[in-house]
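K.L.:
Here you go, this is work09.cif (mmCIF, C-alpha atoms and all ligand atoms).
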```cif
data_query
loop_
_atom_site.label_atom_id
_atom_site.label_comp_id
_atom_site.auth_asym_id
_atom_site.auth_seq_id
_atom_site.Cartn_x
_atom_site.Cartn_y
_atom_site.Cartn_z
CA MET A 1 -42.39 -29.69 -30.39
CA VAL A 2 -39.02 -31.26 -29.46
CA ALA A 3 -38.05 -31.04 -25.76
CA ASN A 4 -34.94 -28.94 -25.23
CA ASP A 5 -32.71 -30.74 -22.74
CA ASN A 6 -30.42 -27.73 -22.56
CA ALA A 7 -33.22 -25.48 -21.38
CA GLY A 8 -31.88 -22.51 -19.47
CA CYS A 9 -28.28 -23.08 -20.63
CA LEU A 10 -26.43 -21.01 -23.20
CA MET A 11 -23.99 -23.84 -23.95
CA PRO A 12 -24.50 -27.56 -24.51
CA ARG A 13 -24.57 -29.64 -21.32
CA GLY A 14 -21.24 -31.31 -22.10
CA VAL A 15 -19.43 -27.97 -21.99
CA TRP A 16 -20.67 -27.30 -18.44
CA THR A 17 -19.61 -30.80 -17.38
CA THR A 18 -16.14 -30.23 -18.81
CA ILE A 19 -15.80 -26.83 -17.08
CA ALA A 20 -16.99 -28.33 -13.76
CA SER A 21 -14.49 -31.17 -13.97
CA MET A 22 -11.67 -28.72 -14.81
CA LEU A 23 -12.54 -26.55 -11.78
CA ALA A 24 -13.10 -29.43 -9.34
CA PRO A 25 -9.46 -29.84 -8.16
CA THR A 26 -9.17 -26.09 -7.43
CA VAL A 27 -12.53 -26.00 -5.65
CA ASN A 28 -11.60 -29.06 -3.56
CA LEU A 29 -8.22 -27.59 -2.63
CA TYR A 30 -9.84 -24.28 -1.63
CA ARG A 31 -12.49 -26.11 0.43
CA ARG A 32 -9.78 -28.18 2.17
CA LEU A 33 -7.68 -25.09 2.93
CA MET A 34 -10.71 -23.23 4.32
CA MET A 35 -11.73 -26.22 6.46
CA ASN A 36 -8.22 -26.44 7.92
CA THR A 37 -7.53 -22.75 8.35
CA VAL A 38 -6.70 -21.98 11.98
CA THR A 39 -7.95 -18.57 13.04
CA LEU A 40 -7.01 -16.91 16.32
CA TYR A 41 -8.67 -13.80 17.70
CA THR A 42 -6.03 -12.11 19.83
CA THR A 43 -4.84 -8.95 21.53
CA ASP A 44 -1.27 -7.63 21.77
CA THR A 45 -0.78 -8.16 25.48
CA CYS A 46 -2.54 -11.45 26.21
CA PRO A 47 -0.28 -14.23 27.53
CA TYR A 48 -2.81 -16.94 26.61
CA CYS A 49 -2.66 -15.66 23.02
CA ARG A 50 1.12 -15.97 23.03
CA ASN A 51 0.84 -19.51 24.44
CA ALA A 52 -1.68 -20.48 21.76
CA LYS A 53 0.49 -19.07 18.98
CA SER A 54 3.60 -20.85 20.36
CA LEU A 55 1.77 -24.16 20.60
CA LEU A 56 0.49 -23.92 17.03
CA ALA A 57 3.86 -22.72 15.70
CA SER A 58 5.63 -25.61 17.48
CA LYS A 59 3.40 -28.00 15.51
CA GLY A 60 4.12 -26.18 12.25
CA VAL A 61 0.52 -25.04 11.96
CA ALA A 62 -0.05 -21.93 9.83
CA MET A 63 -2.52 -19.53 11.38
CA GLN A 64 -4.53 -16.46 10.57
CA GLU A 65 -4.38 -13.99 13.45
CA ILE A 66 -7.08 -11.37 13.92
CA ASN A 67 -6.17 -8.69 16.44
CA VAL A 68 -9.43 -7.56 17.99
CA GLN A 69 -7.89 -4.40 19.48
CA ARG A 70 -6.50 -3.16 16.20
CA THR A 71 -9.26 -4.20 13.83
CA PRO A 72 -12.61 -2.46 14.13
CA GLY A 73 -15.59 -4.84 14.37
CA LYS A 74 -13.52 -7.94 15.03
CA LEU A 75 -14.20 -8.09 18.79
CA GLU A 76 -17.93 -8.17 18.00
CA GLU A 77 -17.31 -10.82 15.33
CA MET A 78 -15.37 -12.95 17.83
CA ILE A 79 -18.12 -12.70 20.44
CA GLU A 80 -20.77 -13.50 17.83
CA ARG A 81 -18.87 -16.55 16.50
CA SER A 82 -17.69 -17.94 19.84
CA GLY A 83 -20.17 -16.71 22.41
CA ARG A 84 -17.15 -15.77 24.54
CA ARG A 85 -15.50 -12.47 25.43
CA THR A 86 -11.98 -13.61 26.39
CA VAL A 87 -9.02 -13.87 24.03
CA PRO A 88 -7.77 -15.94 22.42
CA GLN A 89 -10.67 -17.58 20.64
CA ILE A 90 -9.50 -20.24 18.25
CA PHE A 91 -11.23 -21.81 15.25
CA VAL A 92 -10.30 -24.59 12.85
CA GLY A 93 -12.30 -23.65 9.80
CA ASP A 94 -15.72 -22.89 11.24
CA ILE A 95 -15.29 -25.19 14.23
CA HIS A 96 -14.85 -23.34 17.51
CA ILE A 97 -12.06 -24.84 19.61
CA GLY A 98 -12.20 -22.33 22.48
CA GLY A 99 -9.35 -20.59 24.29
CA PHE A 100 -5.77 -21.64 24.92
CA ASP A 101 -6.74 -24.15 27.64
CA ASP A 102 -9.15 -25.84 25.25
CA LEU A 103 -6.54 -25.88 22.47
CA ALA A 104 -3.89 -27.41 24.78
CA LYS A 105 -6.36 -30.05 26.02
CA LEU A 106 -7.37 -30.93 22.45
CA ASP A 107 -3.70 -31.26 21.54
CA ARG A 108 -2.93 -33.48 24.58
CA GLN A 109 -5.79 -35.75 23.54
CA GLY A 110 -4.37 -35.97 20.00
CA GLY A 111 -7.35 -34.19 18.47
CA LEU A 112 -5.63 -31.12 17.09
CA MET A 113 -3.37 -32.73 14.52
CA SER A 114 -6.08 -35.13 13.43
CA MET A 115 -8.38 -32.17 12.76
CA LEU A 116 -5.67 -30.62 10.61
CA ALA A 117 -4.63 -33.81 8.75
N1 LIG B 201 -8.92 -19.93 30.01
C1 LIG B 201 -8.79 -18.92 29.00
C2 LIG B 201 -8.27 -17.65 29.64
C3 LIG B 201 -8.30 -16.47 28.68
C4 LIG B 201 -8.15 -15.15 29.35
O1 LIG B 201 -8.33 -15.02 30.58
N2 LIG B 201 -7.77 -14.13 28.57
C5 LIG B 201 -7.66 -12.81 29.07
C6 LIG B 201 -6.55 -12.08 28.35
S1 LIG B 201 -5.00 -12.90 28.52
C7 LIG B 201 -8.92 -12.03 28.80
O2 LIG B 201 -9.48 -12.11 27.71
N3 LIG B 201 -9.38 -11.26 29.78
C8 LIG B 201 -10.54 -10.43 29.62
C9 LIG B 201 -11.68 -10.86 30.45
O3 LIG B 201 -11.52 -11.80 31.27
O4 LIG B 201 -12.77 -10.31 30.25
C10 LIG B 201 -7.86 -19.44 27.90
O5 LIG B 201 -7.14 -20.42 28.14
O6 LIG B 201 -7.86 -18.89 26.81
#
```
Could you express the structure from this file as structure tokens?

P.N.:
Amino acid sequence: MVANDNAGCLMPRGVWTTIASMLAPTVNLYRRLMMNTVTLYTTDTCPYCRNAKSLLASKGVAMQEINVQRTPGKLEEMIERSGRRTVPQIFVGDIHIGGFDDLAKLDRQGGLMSMLA
């Protein structure tokens, strides 16, 4: 019996390779965007949140803001992801930066823009 080197596939191997290479640029772009996405957990009244947003905006950094007061479940998510209860909590991709003080320190040390480059 001849070995079937396409075992388990419905199409010849070359077709899958072609599809994978066509999708690769999109997948890489998506991965890069997700890695660099800045997420801030905030509340409406928090001055540290305002400071963090101003700092990021002054650097031209796009951010995703999650208001933990207005969005059910998000306070719990923030605490789970960061281990902290104060706002803001800031992430670059999945990397936890911390609060505003931590963000400002990272920026002073030149680390923020290099994380986002
Ligand atoms: N050092 C922190 C201070 C953050 C902070 O104190 N946030 C206040 C709101 S502006 C807070 O979450 N207070 C609630 C608490 O302390 O439990 C930072 O820079 O982010």

K.L.:
Select, from A:Gly110, A:Pro12, A:Gly73, A:Gly99, the residue with the minimum atom-to-atom distance to ligand LIG 201 (chain B), counting only C-alpha atoms and all ligand atoms.

P.N.:
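Closest candidate: A:Gly99.
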
K.L.:
Closest to ligand LIG 201 (chain B) among A:Met34, A:Ile90, A:Leu29, A:Ala117, using only C-alpha atoms and all ligand atoms?

P.N.:
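Of A:Met34, A:Ile90, A:Leu29, A:Ala117, the one nearest ligand LIG 201 (chain B) is A:Ile90, counting only C-alpha atoms and all ligand atoms.
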
K.L.:
Between A:Asp44, A:Asp107, A:Asp94, A:Glu76, single out the one closest to ligand LIG 201 (chain B), counting only C-alpha atoms and all ligand atoms.

P.N.:
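Of A:Asp44, A:Asp107, A:Asp94, A:Glu76, the one nearest ligand LIG 201 (chain B), counting only C-alpha atoms and all ligand atoms, is A:Asp44.
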
K.L.:
Using all atoms listed in the file, can you list as a list in words the residues within 9 Å of (-9.8, -21.5, 7.5)?

P.N.:
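Residues with an atom at most 9 Å from (-9.8, -21.5, 7.5): Arg31, Arg32, Leu33, Met34, Met35, Asn36, Thr37, Val38, Thr39, Met63, Gln64, Phe91, Val92, Gly93 and Asp94 of chain A.
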
K.L.:
Please build the interface table for chain A against ligand LIG 201 (chain B) with a cut-off of 6 Å, listing for each qualifying residue the nearest atom pair and the distance in Å to one decimal; count only C-alpha atoms and all ligand atoms, order rows by chain and increasing number, and write it as a Markdown table.

P.N.:
```
| residue | atom | partner | partner_atom | distance |
| --- | --- | --- | --- | --- |
| A:Cys46 | CA | B:LIG201 | S1 | 3.7 |
| A:Pro47 | CA | B:LIG201 | S1 | 5.0 |
| A:Tyr48 | CA | B:LIG201 | S1 | 5.0 |
| A:Arg85 | CA | B:LIG201 | O4 | 5.9 |
| A:Thr86 | CA | B:LIG201 | O2 | 3.2 |
| A:Val87 | CA | B:LIG201 | O2 | 4.1 |
| A:Pro88 | CA | B:LIG201 | O6 | 5.3 |
| A:Gly99 | CA | B:LIG201 | O6 | 3.4 |
| A:Phe100 | CA | B:LIG201 | O5 | 3.7 |
| A:Asp101 | CA | B:LIG201 | O5 | 3.8 |
```

K.L.:
Take CA of Asn51 in chain A and CA of Ala104 in chain A and report the distance between them in Å, one decimal.

P.N.:
9.2 Å

K.L.:
Identify which of the residues A:Gln89, A:Thr17, A:Ser114, A:Ser82 lies closest to Asn67 in chain A, counting all atoms listed in the file when measuring atom-to-atom distances.

P.N.:
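Among the listed residues, A:Gln89 lies closest to Asn67 in chain A.
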